>>> print(open('work.tsv').read())   # TSV, C-alpha atoms
chain	number	residue	atom	x	y	z
A	128	MET	CA	6.66	-4.39	-24.46
A	129	THR	CA	9.96	-4.14	-22.65
A	130	GLU	CA	9.54	-0.42	-22.05
A	131	ARG	CA	6.01	-0.96	-20.79
A	132	ALA	CA	7.11	-3.74	-18.44
A	133	ARG	CA	9.89	-1.53	-17.09
A	134	LYS	CA	7.51	1.32	-16.31
A	135	ILE	CA	4.96	-0.99	-14.72
A	136	SER	CA	7.80	-2.37	-12.60
A	137	ALA	CA	8.52	1.20	-11.53
A	138	SER	CA	4.89	1.54	-10.43
A	139	ILE	CA	5.18	-1.61	-8.34
A	140	ILE	CA	8.31	-0.18	-6.74
A	141	PHE	CA	6.36	3.01	-5.97
A	142	MET	CA	3.71	0.79	-4.40
A	143	LEU	CA	6.32	-0.85	-2.18
A	144	GLY	CA	7.64	2.58	-1.26
A	145	PHE	CA	4.16	3.74	-0.31
A	146	THR	CA	3.72	0.79	2.06
A	147	GLN	CA	6.88	1.95	3.82
A	148	PHE	CA	5.53	5.49	3.92
A	149	TYR	CA	2.46	4.10	5.69
A	150	SER	CA	4.58	2.25	8.25
A	151	PHE	CA	6.87	5.22	8.85
A	152	LEU	CA	3.94	7.63	9.12
A	153	SER	CA	2.26	5.30	11.61
A	154	ALA	CA	5.40	5.17	13.74
A	155	ALA	CA	5.93	8.94	13.57
A	156	TYR	CA	2.30	9.61	14.44
A	157	GLY	CA	2.51	7.22	17.38
A	158	TYR	CA	5.67	8.95	18.61
A	159	PHE	CA	4.24	12.47	18.54
A	160	ALA	CA	0.69	11.59	19.59
A	161	SER	CA	1.54	9.23	22.44
A	162	GLU	CA	1.27	10.70	25.91
A	163	GLU	CA	3.32	7.86	27.33
A	164	GLY	CA	6.83	6.77	26.49
A	165	TYR	CA	7.13	5.72	22.84
A	166	ASP	CA	10.42	4.35	21.57
A	167	PHE	CA	11.19	5.31	18.00
A	168	ILE	CA	13.41	2.28	17.39
A	169	TRP	CA	16.00	1.93	14.65
A	170	ASN	CA	13.68	-0.19	12.49
A	171	TYR	CA	11.52	2.84	11.82
A	172	TRP	CA	14.48	4.81	10.48
A	173	VAL	CA	15.34	1.91	8.18
A	174	ILE	CA	11.72	1.83	6.99
A	175	GLY	CA	11.90	5.56	6.25
A	176	LEU	CA	15.17	5.07	4.40
A	177	PHE	CA	13.71	2.30	2.24
A	178	MET	CA	10.73	4.53	1.50
A	179	LEU	CA	13.07	7.12	-0.02
A	180	LEU	CA	15.28	4.57	-1.77
A	181	LEU	CA	12.36	2.75	-3.37
A	182	VAL	CA	10.83	5.96	-4.68
A	183	GLY	CA	14.20	7.07	-6.04
A	184	ALA	CA	14.79	3.70	-7.71
A	185	GLY	CA	11.35	3.90	-9.29
A	186	PHE	CA	12.07	7.29	-10.82
A	187	LEU	CA	15.38	6.03	-12.21
A	188	LEU	CA	13.46	3.31	-14.06
A	189	LEU	CA	11.19	5.94	-15.62
A	190	LYS	CA	14.00	8.05	-17.04
A	191	SER	CA	14.43	8.30	-20.80
A	192	HIS	CA	17.77	6.53	-20.29
A	193	PRO	CA	16.82	4.15	-17.48
A	194	THR	CA	19.11	2.25	-15.16
A	195	ARG	CA	18.06	-0.79	-13.15
A	196	ILE	CA	21.14	-1.32	-10.97
A	197	PRO	CA	19.89	0.97	-8.15
A	198	ALA	CA	16.48	-0.73	-8.23
A	199	LEU	CA	18.07	-4.18	-8.03
A	200	ILE	CA	20.26	-3.17	-5.09
A	201	VAL	CA	17.40	-1.51	-3.21
A	202	LEU	CA	15.02	-4.41	-3.85
A	203	LEU	CA	17.57	-6.96	-2.68
A	204	GLY	CA	18.20	-4.97	0.50
A	205	PHE	CA	14.46	-4.60	1.00
A	206	VAL	CA	13.95	-8.35	0.64
A	207	VAL	CA	16.64	-9.05	3.23
A	208	PHE	CA	15.27	-6.46	5.67
A	209	GLN	CA	11.66	-7.59	5.34
A	210	GLY	CA	12.64	-11.25	5.51
A	211	LEU	CA	14.70	-10.80	8.67
A	212	SER	CA	12.02	-8.60	10.25
A	213	THR	CA	9.37	-11.21	9.51
A	214	TYR	CA	11.46	-13.95	11.07
A	215	PHE	CA	12.72	-12.17	14.19
A	216	TYR	CA	9.60	-10.13	14.99
A	217	GLN	CA	6.87	-12.56	13.94
A	218	ILE	CA	7.82	-16.12	13.09
A	219	LYS	CA	10.28	-16.68	15.94
A	220	PRO	CA	8.19	-15.09	18.75
A	221	LEU	CA	5.01	-16.83	17.60
A	222	SER	CA	6.78	-20.20	17.38
A	223	GLU	CA	7.75	-19.89	21.05
A	224	LEU	CA	4.14	-19.51	22.17
A	225	LYS	CA	2.20	-22.56	23.24
A	226	GLN	CA	-1.04	-21.26	21.76
A	227	LYS	CA	-1.32	-20.52	18.07
A	228	MET	CA	-1.85	-16.80	17.52
A	229	PRO	CA	-2.86	-14.85	14.39
A	230	PHE	CA	-0.08	-14.17	11.92
A	231	ASN	CA	0.24	-10.88	10.04
A	232	TYR	CA	1.17	-11.79	6.47
A	233	THR	CA	1.88	-8.22	5.33
A	234	ASN	CA	5.68	-8.28	5.60
A	235	LEU	CA	5.86	-11.79	4.18
A	236	ILE	CA	3.83	-10.74	1.14
A	237	LEU	CA	6.04	-7.68	0.69
A	238	THR	CA	9.13	-9.91	0.82
A	239	VAL	CA	7.79	-12.28	-1.83
A	240	LEU	CA	6.56	-9.43	-4.04
A	241	ALA	CA	9.87	-7.56	-3.85
A	242	PHE	CA	11.84	-10.72	-4.63
A	243	ALA	CA	9.60	-11.50	-7.63
A	244	LEU	CA	10.11	-7.96	-8.91
A	245	PHE	CA	13.86	-8.30	-8.38
A	246	VAL	CA	13.88	-11.40	-10.58
A	247	VAL	CA	11.81	-9.66	-13.28
A	248	LEU	CA	14.12	-6.65	-13.37
A	249	LEU	CA	17.17	-8.89	-13.38
A	250	PHE	CA	16.19	-10.56	-16.64
A	251	ILE	CA	14.20	-7.85	-18.40
A	252	ARG	CA	15.82	-6.31	-21.46
A	253	MET	CA	16.32	-2.60	-20.88
A	254	SER	CA	15.75	-0.04	-23.62
A	255	ASP	CA	15.54	3.73	-23.84
A	256	SER	CA	12.15	5.38	-23.83
A	257	THR	CA	10.74	6.59	-27.10
A	258	SER	CA	8.13	9.25	-27.63
A	259	SER	CA	6.96	7.90	-30.98
A	260	VAL	CA	3.50	6.40	-31.00
A	261	LEU	CA	3.13	3.67	-33.59
A	262	GLN	CA	-0.62	3.27	-33.27
A	263	SER	CA	-3.63	5.11	-31.99
A	264	GLU	CA	-4.05	5.09	-28.24
A	265	ALA	CA	-7.68	6.18	-28.28
A	266	TRP	CA	-8.64	2.78	-26.89
A	267	LYS	CA	-6.90	3.71	-23.63
A	268	THR	CA	-9.40	6.47	-22.88
A	269	LYS	CA	-12.00	4.08	-21.49
A	270	TRP	CA	-9.39	2.54	-19.21
A	271	ARG	CA	-8.38	5.94	-17.84
A	272	ILE	CA	-12.03	6.83	-17.27
A	273	SER	CA	-12.53	3.52	-15.46
A	274	GLY	CA	-9.41	4.19	-13.39
A	275	ALA	CA	-10.66	7.64	-12.42
A	276	ILE	CA	-14.14	6.40	-11.52
A	277	THR	CA	-12.88	3.54	-9.36
A	278	ALA	CA	-10.44	5.91	-7.63
A	279	LEU	CA	-13.31	8.25	-6.82
A	280	LEU	CA	-15.37	5.32	-5.52
A	281	ALA	CA	-12.48	4.32	-3.27
A	282	ALA	CA	-12.17	7.93	-2.09
A	283	GLY	CA	-15.89	8.04	-1.31
A	284	LEU	CA	-15.63	4.86	0.74
A	285	ALA	CA	-12.58	6.24	2.55
A	286	ILE	CA	-14.64	9.32	3.46
A	287	TRP	CA	-17.29	7.01	4.88
A	288	ALA	CA	-14.68	5.11	6.91
A	289	LEU	CA	-13.20	8.40	8.13
A	290	ILE	CA	-16.60	9.63	9.32
A	291	ILE	CA	-17.27	6.39	11.21
A	292	ILE	CA	-13.91	6.49	13.01
A	293	VAL	CA	-14.21	10.19	13.89
A	294	MET	CA	-17.73	9.71	15.23
A	295	GLU	CA	-16.59	6.71	17.27
A	296	TYR	CA	-13.76	8.55	18.98
A	297	SER	CA	-15.49	11.91	19.35
A	298	SER	CA	-18.62	10.60	21.04
A	299	PRO	CA	-18.40	10.96	24.85
A	300	ALA	CA	-20.97	8.18	25.25
A	301	LYS	CA	-18.59	5.61	23.79
A	302	ASN	CA	-16.87	3.72	26.60
A	303	ASN	CA	-15.50	0.96	24.40
A	304	PRO	CA	-13.86	2.44	21.31
A	305	PHE	CA	-12.72	0.33	18.39
A	306	LEU	CA	-10.09	-2.28	19.15
A	307	PHE	CA	-8.50	-2.54	15.71
A	308	SER	CA	-9.22	0.93	14.32
A	309	ASN	CA	-7.66	3.99	15.93
A	310	ASP	CA	-7.18	7.68	15.28
A	311	PHE	CA	-4.25	7.00	12.95
A	312	ASP	CA	-6.60	5.09	10.67
A	313	ALA	CA	-8.59	8.30	10.39
A	314	VAL	CA	-5.40	10.17	9.47
A	315	PHE	CA	-4.48	7.61	6.83
A	316	ALA	CA	-8.03	7.65	5.47
A	317	GLY	CA	-7.69	11.42	5.04
A	318	VAL	CA	-4.35	11.01	3.25
A	319	SER	CA	-5.84	8.30	1.04
A	320	ILE	CA	-8.80	10.50	0.12
A	321	ILE	CA	-6.51	13.30	-1.07
A	322	LEU	CA	-4.27	10.95	-3.05
A	323	LEU	CA	-7.17	9.06	-4.63
A	324	ILE	CA	-8.87	12.27	-5.76
A	325	LEU	CA	-5.57	13.58	-7.11
A	326	ALA	CA	-5.02	10.30	-8.98
A	327	ALA	CA	-8.55	10.43	-10.41
A	328	ILE	CA	-8.05	13.97	-11.72
A	329	TRP	CA	-4.65	13.20	-13.22
A	330	THR	CA	-5.86	9.94	-14.74
A	331	PHE	CA	-8.51	11.82	-16.72
A	332	ARG	CA	-5.67	13.67	-18.44
A	333	LYS	CA	-3.02	11.08	-19.19
A	334	GLY	CA	-2.26	9.04	-16.07
A	335	SER	CA	0.84	8.69	-13.96
A	336	TYR	CA	2.97	5.68	-13.09
A	337	LEU	CA	3.75	7.26	-9.73
A	338	LEU	CA	0.10	7.83	-8.81
A	339	ALA	CA	-0.87	4.40	-10.12
A	340	GLY	CA	1.71	2.87	-7.80
A	341	ILE	CA	0.45	4.94	-4.87
A	342	VAL	CA	-3.15	3.89	-5.54
A	343	LEU	CA	-2.05	0.25	-5.71
A	344	GLY	CA	-0.26	0.82	-2.40
A	345	ILE	CA	-3.46	2.15	-0.84
A	346	GLY	CA	-5.30	-0.93	-2.06
A	347	PHE	CA	-2.58	-3.22	-0.70
A	348	ILE	CA	-2.60	-1.58	2.74
A	349	TYR	CA	-6.37	-1.71	3.12
A	350	LEU	CA	-6.44	-5.31	1.89
A	351	THR	CA	-3.76	-6.55	4.29
A	352	ASN	CA	-5.39	-4.65	7.16
A	353	TYR	CA	-8.61	-6.44	6.35
A	354	PHE	CA	-6.85	-9.82	6.33
A	355	TRP	CA	-5.26	-8.99	9.70
A	356	PHE	CA	-8.69	-8.20	11.15
A	357	ASP	CA	-10.10	-11.39	9.63
A	358	GLU	CA	-7.31	-13.43	11.21
A	359	TRP	CA	-8.26	-12.09	14.63
A	360	MET	CA	-11.96	-12.70	14.03
A	361	ARG	CA	-11.23	-16.32	13.15
A	362	TYR	CA	-9.07	-16.62	16.25
A	363	ALA	CA	-11.84	-15.14	18.41
A	364	ALA	CA	-14.47	-17.47	16.97
A	365	LYS	CA	-12.24	-20.50	17.45
A	366	ASN	CA	-11.49	-19.64	21.08
A	367	GLY	CA	-14.93	-18.43	22.09
A	368	LEU	CA	-13.88	-14.79	22.45
A	369	LYS	CA	-15.91	-11.71	21.62
A	370	PHE	CA	-14.17	-8.55	20.49
A	371	GLY	CA	-14.10	-6.32	17.46
A	372	ASN	CA	-17.68	-7.15	16.52
A	373	GLY	CA	-18.54	-3.48	16.19
A	374	GLU	CA	-15.82	-3.06	13.58
A	375	ASN	CA	-17.23	-5.48	11.02
A	376	ARG	CA	-18.78	-2.65	9.05
A	377	ILE	CA	-15.67	-0.51	8.88
A	378	PHE	CA	-13.48	-3.42	7.80
A	379	GLY	CA	-16.08	-4.33	5.22
A	380	ILE	CA	-15.67	-0.79	3.91
A	381	ASN	CA	-11.89	-1.26	4.00
A	382	LEU	CA	-12.23	-4.35	1.82
A	383	LEU	CA	-14.24	-2.35	-0.73
A	384	ILE	CA	-11.63	0.43	-0.65
A	385	ALA	CA	-8.96	-2.18	-1.33
A	386	LEU	CA	-10.97	-3.60	-4.23
A	387	PHE	CA	-11.67	-0.28	-5.96
A	388	ALA	CA	-8.19	1.13	-5.33
A	389	THR	CA	-6.54	-1.98	-6.76
A	390	LEU	CA	-8.81	-1.93	-9.81
A	391	SER	CA	-8.09	1.77	-10.25
A	392	GLY	CA	-4.34	1.20	-10.14
A	393	VAL	CA	-4.58	-1.56	-12.74
A	394	PHE	CA	-6.84	0.53	-14.99
A	395	GLN	CA	-4.45	3.47	-14.70
A	396	LEU	CA	-1.51	1.33	-15.78
A	397	VAL	CA	-3.42	-0.05	-18.76
A	398	GLY	CA	-4.67	3.38	-19.82
A	399	LYS	CA	-1.48	5.36	-19.22
A	400	LYS	CA	-0.57	7.43	-22.26
A	401	ARG	CA	2.90	7.10	-23.69
A	402	THR	CA	5.00	10.21	-23.26
>>> encode(input="work.tsv", output="C-alpha cells")
Amino acid sequence: MTERARKISASIIFMLGFTQFYSFLSAAYGYFASEEGYDFIWNYWVIGLFMLLLVGAGFLLLKSHPTRIPALIVLLGFVVFQGLSTYFYQIKPLSELKQKMPFNYTNLILTVLAFALFVVLLFIRMSDSTSSVLQSEAWKTKWRISGAITALLAAGLAIWALIIIVMEYSSPAKNNPFLFSNDFDAVFAGVSIILLILAAIWTFRKGSYLLAGIVLGIGFIYLTNYFWFDEWMRYAAKNGLKFGNGENRIFGINLLIALFATLSGVFQLVGKKRT
C-alpha cells in the first residue's frame, strides 16, 4: 500500500508539473505570437523552473530506491510561490476594487493540493519497489480498458473543440470572435489530443504513472477553465451584461473533456500494472 501511495503521489506531482507546462506554454506562445509588446516577466521563468523540478521530483519517487526529500522541497517551494502569487496578483488587487469581480481559483486550488500532497509525503513510510506480484492482477485489465476508452472520448471531444475554435477564427465573416477562447486554446487542444491518444495506447499495454498524471493535468486545466468561464457568466448575469454567450457550447465541451480526462487518469492509476 505504501509503494502504491508513493507512486500515485508521483502521478499527482506530474499533474502539478503539467499545469505549469500549460502556463509556461501559454506565456511562451503569447510572447512569440503577439504582434505588440509582450513582457515575458520573471514569473514565467519561475513557472518553467517549477515545471522541470516537479517532473524531476516525480521521477525520483518512482525509482526502485525512491527519495522524497527533493519532492518535499519542491512542493514546499511551489506552495510558497503559488500562495504569494495568488495573494499579490489576485486577492490583493481584487480587494482594492469597489466592485466585486470574478476570482480565478486555479492557483488557490494548486496551492491547497500541493500542500496536502506535501503533508502526505511527509508522513508516508517509504519503501523500495519490488517486482514480485503476490496475486493476480487480471482484475486490472478492465480498469485499463476503461482508462483507454475515456481518454479516447476526451480526445474526441478535444478534436471537436479544436474544430470549433479554428472555424471561429478562420471565418472572415466573424466580426466578434470568442472572448474567452483564443488561438492558444486551439494549440492546447491539439497538444491534449496527442497526449490523450498516446495515454490511451499505452494504457492498453500496462499504463504509466507519468501519462496518468498528465491526463489528470489535462482534466484539471479544462475543469478550472470551465469554472473561470462560469464565474464570468455569473458576473455578467448579475450585472446585466451580455458577453461570451456564443461560447457556451465550447465550454460545455470543455467540461466533458475535464470529466472524461479525470476519469481516465483515475482508471489508469487503478489499473496500472506493477513493474
>>> closest_residue(input="work.tsv", among="A:Phe311, A:Tyr214, A:Phe394, A:Phe245", to="Ala326 of chain A", atoms="only C-alpha atoms")
A:Phe394
>>> residues_around(input="work.tsv", residues="Ala388 of chain A", least_positions_apart="4", cutoff="6 Å", atoms="only C-alpha atoms", output="list in words")
Ala278, Ala281, Val342, Gly346 and Ile384 of chain A
>>> atom_distance(input="work.tsv", atom1="atom CA of Gln147 of chain A", atom2="atom CA of Ile174 of chain A")
5.8 Å
>>> atom_distance(input="work.tsv", atom1="atom CA of Gly367 of chain A", atom2="atom CA of Lys225 of chain A")
17.7 Å
>>> residues_around(input="work.tsv", residues="Ile290 of chain A", least_positions_apart="4", cutoff="12 Å", atoms="only C-alpha atoms", output="list in words")
Gly283, Leu284, Ala285, Ile286, Met294, Glu295, Tyr296, Ser297, Ser298, Asp310, Asp312, Ala313, Val314, Ala316, Gly317, Ile377 and Ile380 of chain A
>>> closest_residue(input="work.tsv", among="A:Ala241, A:Gly144, A:Tyr171, A:Gly204", to="Tyr156 of chain A", atoms="only C-alpha atoms")
A:Tyr171
>>> closest_residue(input="work.tsv", among="A:Lys134, A:Leu382, A:Asn375, A:Trp270", to="Ser191 of chain A", atoms="only C-alpha atoms")
A:Lys134
>>> atom_distance(input="work.tsv", atom1="atom CA of Thr268 of chain A", atom2="atom CA of Leu248 of chain A")
28.6 Å
>>> residues_around(input="work.tsv", residues="segment 332-340 of chain A", least_positions_apart="2", cutoff="8 Å", atoms="only C-alpha atoms", output="list in words")
Lys134, Ile135, Ala137, Ser138, Ile139, Ile140, Phe141, Met142, Phe145, Arg271, Leu322, Ala326, Ile328, Trp329, Thr330, Val342, Leu343, Gly344, Ser391, Gly392, Val393, Gln395, Leu396, Gly398, Lys399 and Lys400 of chain A
>>> closest_residue(input="work.tsv", among="A:Leu350, A:Leu368, A:Ile200, A:Leu143", to="Leu237 of chain A", atoms="only C-alpha atoms")
A:Leu143
>>> closest_residue(input="work.tsv", among="A:Ala288, A:Leu235, A:Leu199, A:Met228", to="Thr213 of chain A", atoms="only C-alpha atoms")
A:Leu235
>>> closest_residue(input="work.tsv", among="A:Val246, A:Gly175, A:Ser273, A:Gln217", to="Phe387 of chain A", atoms="all atoms listed in the file")
A:Ser273
>>> residues_around(input="work.tsv", residues="Ile168 of chain A", least_positions_apart="5", cutoff="12 Å", atoms="only C-alpha atoms", output="PDB file with C-alpha atoms, keeping the file's coordinate frame")
ATOM      1  CA  PHE A 151       6.870   5.220   8.850  1.00  0.00           C
ATOM      2  CA  ALA A 154       5.400   5.170  13.740  1.00  0.00           C
ATOM      3  CA  ALA A 155       5.930   8.940  13.570  1.00  0.00           C
ATOM      4  CA  GLY A 157       2.510   7.220  17.380  1.00  0.00           C
ATOM      5  CA  TYR A 158       5.670   8.950  18.610  1.00  0.00           C
ATOM      6  CA  VAL A 173      15.340   1.910   8.180  1.00  0.00           C
ATOM      7  CA  ILE A 174      11.720   1.830   6.990  1.00  0.00           C
ATOM      8  CA  GLY A 175      11.900   5.560   6.250  1.00  0.00           C
TER       9      GLY A 175
END
>>> axis_aligned_box(input="work.tsv", around="segment 190-201 of chain A", padding_each_side="3 Å", output="lines of an AutoDock Vina configuration file")
center_x = 17.6
center_y = 2.1
center_z = -12.0
size_x = 13.1
size_y = 18.5
size_z = 23.6
>>> residues_near_point(input="work.tsv", point="(13.8, -4.0, 7.8)", cutoff="7 Å", atoms="all atoms listed in the file", output="PyMOL selection string")
chain A and resi 170+173-174+205+208-209+211-212
>>> residues_around(input="work.tsv", residues="Thr351 of chain A", least_positions_apart="2", cutoff="10 Å", atoms="all atoms listed in the file", output="short mmCIF file (atom, residue, chain, number, x, y, z; two decimals) with C-alpha atoms, in the coordinates of the input")
data_model
loop_
_atom_site.label_atom_id
_atom_site.label_comp_id
_atom_site.auth_asym_id
_atom_site.auth_seq_id
_atom_site.Cartn_x
_atom_site.Cartn_y
_atom_site.Cartn_z
CA ASN A 231 0.24 -10.88 10.04
CA TYR A 232 1.17 -11.79 6.47
CA THR A 233 1.88 -8.22 5.33
CA ASN A 234 5.68 -8.28 5.60
CA ILE A 236 3.83 -10.74 1.14
CA GLY A 346 -5.30 -0.93 -2.06
CA PHE A 347 -2.58 -3.22 -0.70
CA ILE A 348 -2.60 -1.58 2.74
CA TYR A 349 -6.37 -1.71 3.12
CA TYR A 353 -8.61 -6.44 6.35
CA PHE A 354 -6.85 -9.82 6.33
CA TRP A 355 -5.26 -8.99 9.70
CA PHE A 356 -8.69 -8.20 11.15
CA ASP A 357 -10.10 -11.39 9.63
CA ASN A 381 -11.89 -1.26 4.00
CA LEU A 382 -12.23 -4.35 1.82
CA ALA A 385 -8.96 -2.18 -1.33
#
>>> decode(input="work.tsv", residues="segment 203-303 of chain A", atoms="C-alpha atoms", output="PDB file, in the first residue's frame")
ATOM      1  CA  LEU A 203       7.106  23.445  -0.291  1.00  0.00           C
ATOM      2  CA  GLY A 204       8.635  25.976  -2.674  1.00  0.00           C
ATOM      3  CA  PHE A 205       5.715  25.520  -5.046  1.00  0.00           C
ATOM      4  CA  VAL A 206       3.225  26.149  -2.230  1.00  0.00           C
ATOM      5  CA  VAL A 207       5.020  29.354  -1.251  1.00  0.00           C
ATOM      6  CA  PHE A 208       5.241  30.581  -4.853  1.00  0.00           C
ATOM      7  CA  GLN A 209       1.614  29.815  -5.675  1.00  0.00           C
ATOM      8  CA  GLY A 210       0.404  31.235  -2.377  1.00  0.00           C
ATOM      9  CA  LEU A 211       2.284  34.502  -2.819  1.00  0.00           C
ATOM     10  CA  SER A 212       1.224  34.757  -6.468  1.00  0.00           C
ATOM     11  CA  THR A 213      -2.406  34.232  -5.503  1.00  0.00           C
ATOM     12  CA  TYR A 214      -2.213  36.937  -2.857  1.00  0.00           C
ATOM     13  CA  PHE A 215      -0.264  39.612  -4.737  1.00  0.00           C
ATOM     14  CA  TYR A 216      -1.762  39.085  -8.201  1.00  0.00           C
ATOM     15  CA  GLN A 217      -5.351  38.204  -7.303  1.00  0.00           C
ATOM     16  CA  ILE A 218      -6.501  38.640  -3.722  1.00  0.00           C
ATOM     17  CA  LYS A 219      -4.831  41.999  -3.065  1.00  0.00           C
ATOM     18  CA  PRO A 220      -5.776  43.701  -6.385  1.00  0.00           C
ATOM     19  CA  LEU A 221      -9.358  42.433  -6.212  1.00  0.00           C
ATOM     20  CA  SER A 222      -9.729  43.581  -2.599  1.00  0.00           C
ATOM     21  CA  GLU A 223      -8.848  47.126  -3.671  1.00  0.00           C
ATOM     22  CA  LEU A 224     -11.678  47.267  -6.202  1.00  0.00           C
ATOM     23  CA  LYS A 225     -15.009  48.721  -5.174  1.00  0.00           C
ATOM     24  CA  GLN A 226     -16.948  46.258  -7.301  1.00  0.00           C
ATOM     25  CA  LYS A 227     -16.685  42.538  -6.693  1.00  0.00           C
ATOM     26  CA  MET A 228     -15.057  40.846  -9.677  1.00  0.00           C
ATOM     27  CA  PRO A 229     -14.745  37.145 -10.597  1.00  0.00           C
ATOM     28  CA  PHE A 230     -11.976  35.260  -8.832  1.00  0.00           C
ATOM     29  CA  ASN A 231      -9.852  32.637 -10.571  1.00  0.00           C
ATOM     30  CA  TYR A 232      -9.477  29.763  -8.102  1.00  0.00           C
ATOM     31  CA  THR A 233      -6.886  27.831 -10.133  1.00  0.00           C
ATOM     32  CA  ASN A 234      -3.760  28.934  -8.260  1.00  0.00           C
ATOM     33  CA  LEU A 235      -5.510  28.662  -4.910  1.00  0.00           C
ATOM     34  CA  ILE A 236      -6.542  25.079  -5.668  1.00  0.00           C
ATOM     35  CA  LEU A 237      -2.997  24.262  -6.778  1.00  0.00           C
ATOM     36  CA  THR A 238      -1.660  25.703  -3.516  1.00  0.00           C
ATOM     37  CA  VAL A 239      -4.008  23.612  -1.384  1.00  0.00           C
ATOM     38  CA  LEU A 240      -3.403  20.469  -3.445  1.00  0.00           C
ATOM     39  CA  ALA A 241       0.378  20.840  -3.305  1.00  0.00           C
ATOM     40  CA  PHE A 242       0.299  21.446   0.455  1.00  0.00           C
ATOM     41  CA  ALA A 243      -1.910  18.384   1.012  1.00  0.00           C
ATOM     42  CA  LEU A 244       0.496  16.288  -1.052  1.00  0.00           C
ATOM     43  CA  PHE A 245       3.422  17.699   0.926  1.00  0.00           C
ATOM     44  CA  VAL A 246       1.786  16.536   4.164  1.00  0.00           C
ATOM     45  CA  VAL A 247       1.096  13.075   2.723  1.00  0.00           C
ATOM     46  CA  LEU A 248       4.685  12.629   1.560  1.00  0.00           C
ATOM     47  CA  LEU A 249       5.995  13.931   4.862  1.00  0.00           C
ATOM     48  CA  PHE A 250       4.340  11.153   6.847  1.00  0.00           C
ATOM     49  CA  ILE A 251       4.221   8.297   4.356  1.00  0.00           C
ATOM     50  CA  ARG A 252       6.506   5.356   5.069  1.00  0.00           C
ATOM     51  CA  MET A 253       8.948   4.949   2.199  1.00  0.00           C
ATOM     52  CA  SER A 254       9.957   1.533   0.888  1.00  0.00           C
ATOM     53  CA  ASP A 255      11.868   0.205  -2.089  1.00  0.00           C
ATOM     54  CA  SER A 256       9.948  -1.009  -5.103  1.00  0.00           C
ATOM     55  CA  THR A 257       9.522  -4.711  -5.585  1.00  0.00           C
ATOM     56  CA  SER A 258       8.830  -6.540  -8.800  1.00  0.00           C
ATOM     57  CA  SER A 259       7.200  -9.529  -7.130  1.00  0.00           C
ATOM     58  CA  VAL A 260       3.486  -9.886  -7.702  1.00  0.00           C
ATOM     59  CA  LEU A 261       1.747 -11.592  -4.819  1.00  0.00           C
ATOM     60  CA  GLN A 262      -1.609 -12.008  -6.513  1.00  0.00           C
ATOM     61  CA  SER A 263      -3.146 -11.999  -9.938  1.00  0.00           C
ATOM     62  CA  GLU A 264      -3.603  -8.590 -11.491  1.00  0.00           C
ATOM     63  CA  ALA A 265      -6.032  -9.733 -14.164  1.00  0.00           C
ATOM     64  CA  TRP A 266      -8.744  -7.667 -12.491  1.00  0.00           C
ATOM     65  CA  LYS A 267      -6.863  -4.519 -13.506  1.00  0.00           C
ATOM     66  CA  THR A 268      -7.446  -5.153 -17.205  1.00  0.00           C
ATOM     67  CA  LYS A 269     -10.971  -3.740 -17.151  1.00  0.00           C
ATOM     68  CA  TRP A 270      -9.700  -0.601 -15.446  1.00  0.00           C
ATOM     69  CA  ARG A 271      -7.024  -0.082 -18.085  1.00  0.00           C
ATOM     70  CA  ILE A 272      -9.590  -0.597 -20.839  1.00  0.00           C
ATOM     71  CA  SER A 273     -11.882   1.929 -19.148  1.00  0.00           C
ATOM     72  CA  GLY A 274      -8.973   4.348 -18.840  1.00  0.00           C
ATOM     73  CA  ALA A 275      -8.134   3.989 -22.523  1.00  0.00           C
ATOM     74  CA  ILE A 276     -11.748   4.424 -23.644  1.00  0.00           C
ATOM     75  CA  THR A 277     -12.328   7.535 -21.533  1.00  0.00           C
ATOM     76  CA  ALA A 278      -9.029   9.000 -22.777  1.00  0.00           C
ATOM     77  CA  LEU A 279     -10.161   8.458 -26.365  1.00  0.00           C
ATOM     78  CA  LEU A 280     -13.525  10.052 -25.575  1.00  0.00           C
ATOM     79  CA  ALA A 281     -11.727  13.073 -24.131  1.00  0.00           C
ATOM     80  CA  ALA A 282      -9.509  13.208 -27.228  1.00  0.00           C
ATOM     81  CA  GLY A 283     -12.573  13.090 -29.488  1.00  0.00           C
ATOM     82  CA  LEU A 284     -14.163  15.966 -27.595  1.00  0.00           C
ATOM     83  CA  ALA A 285     -10.904  17.925 -27.788  1.00  0.00           C
ATOM     84  CA  ILE A 286     -10.949  17.442 -31.570  1.00  0.00           C
ATOM     85  CA  TRP A 287     -14.477  18.851 -31.611  1.00  0.00           C
ATOM     86  CA  ALA A 288     -13.400  21.861 -29.538  1.00  0.00           C
ATOM     87  CA  LEU A 289     -10.387  22.383 -31.800  1.00  0.00           C
ATOM     88  CA  ILE A 290     -12.570  22.396 -34.918  1.00  0.00           C
ATOM     89  CA  ILE A 291     -14.973  24.940 -33.393  1.00  0.00           C
ATOM     90  CA  ILE A 292     -12.159  27.326 -32.427  1.00  0.00           C
ATOM     91  CA  VAL A 293     -10.396  27.019 -35.785  1.00  0.00           C
ATOM     92  CA  MET A 294     -13.629  27.635 -37.679  1.00  0.00           C
ATOM     93  CA  GLU A 295     -14.388  30.646 -35.479  1.00  0.00           C
ATOM     94  CA  TYR A 296     -11.056  32.333 -36.107  1.00  0.00           C
ATOM     95  CA  SER A 297     -10.659  31.333 -39.748  1.00  0.00           C
ATOM     96  CA  SER A 298     -14.037  32.606 -40.914  1.00  0.00           C
ATOM     97  CA  PRO A 299     -13.756  36.105 -42.453  1.00  0.00           C
ATOM     98  CA  ALA A 300     -17.441  36.702 -41.724  1.00  0.00           C
ATOM     99  CA  LYS A 301     -16.837  36.602 -37.973  1.00  0.00           C
ATOM    100  CA  ASN A 302     -16.519  40.144 -36.640  1.00  0.00           C
ATOM    101  CA  ASN A 303     -16.840  39.177 -32.989  1.00  0.00           C
TER     102      ASN A 303
END
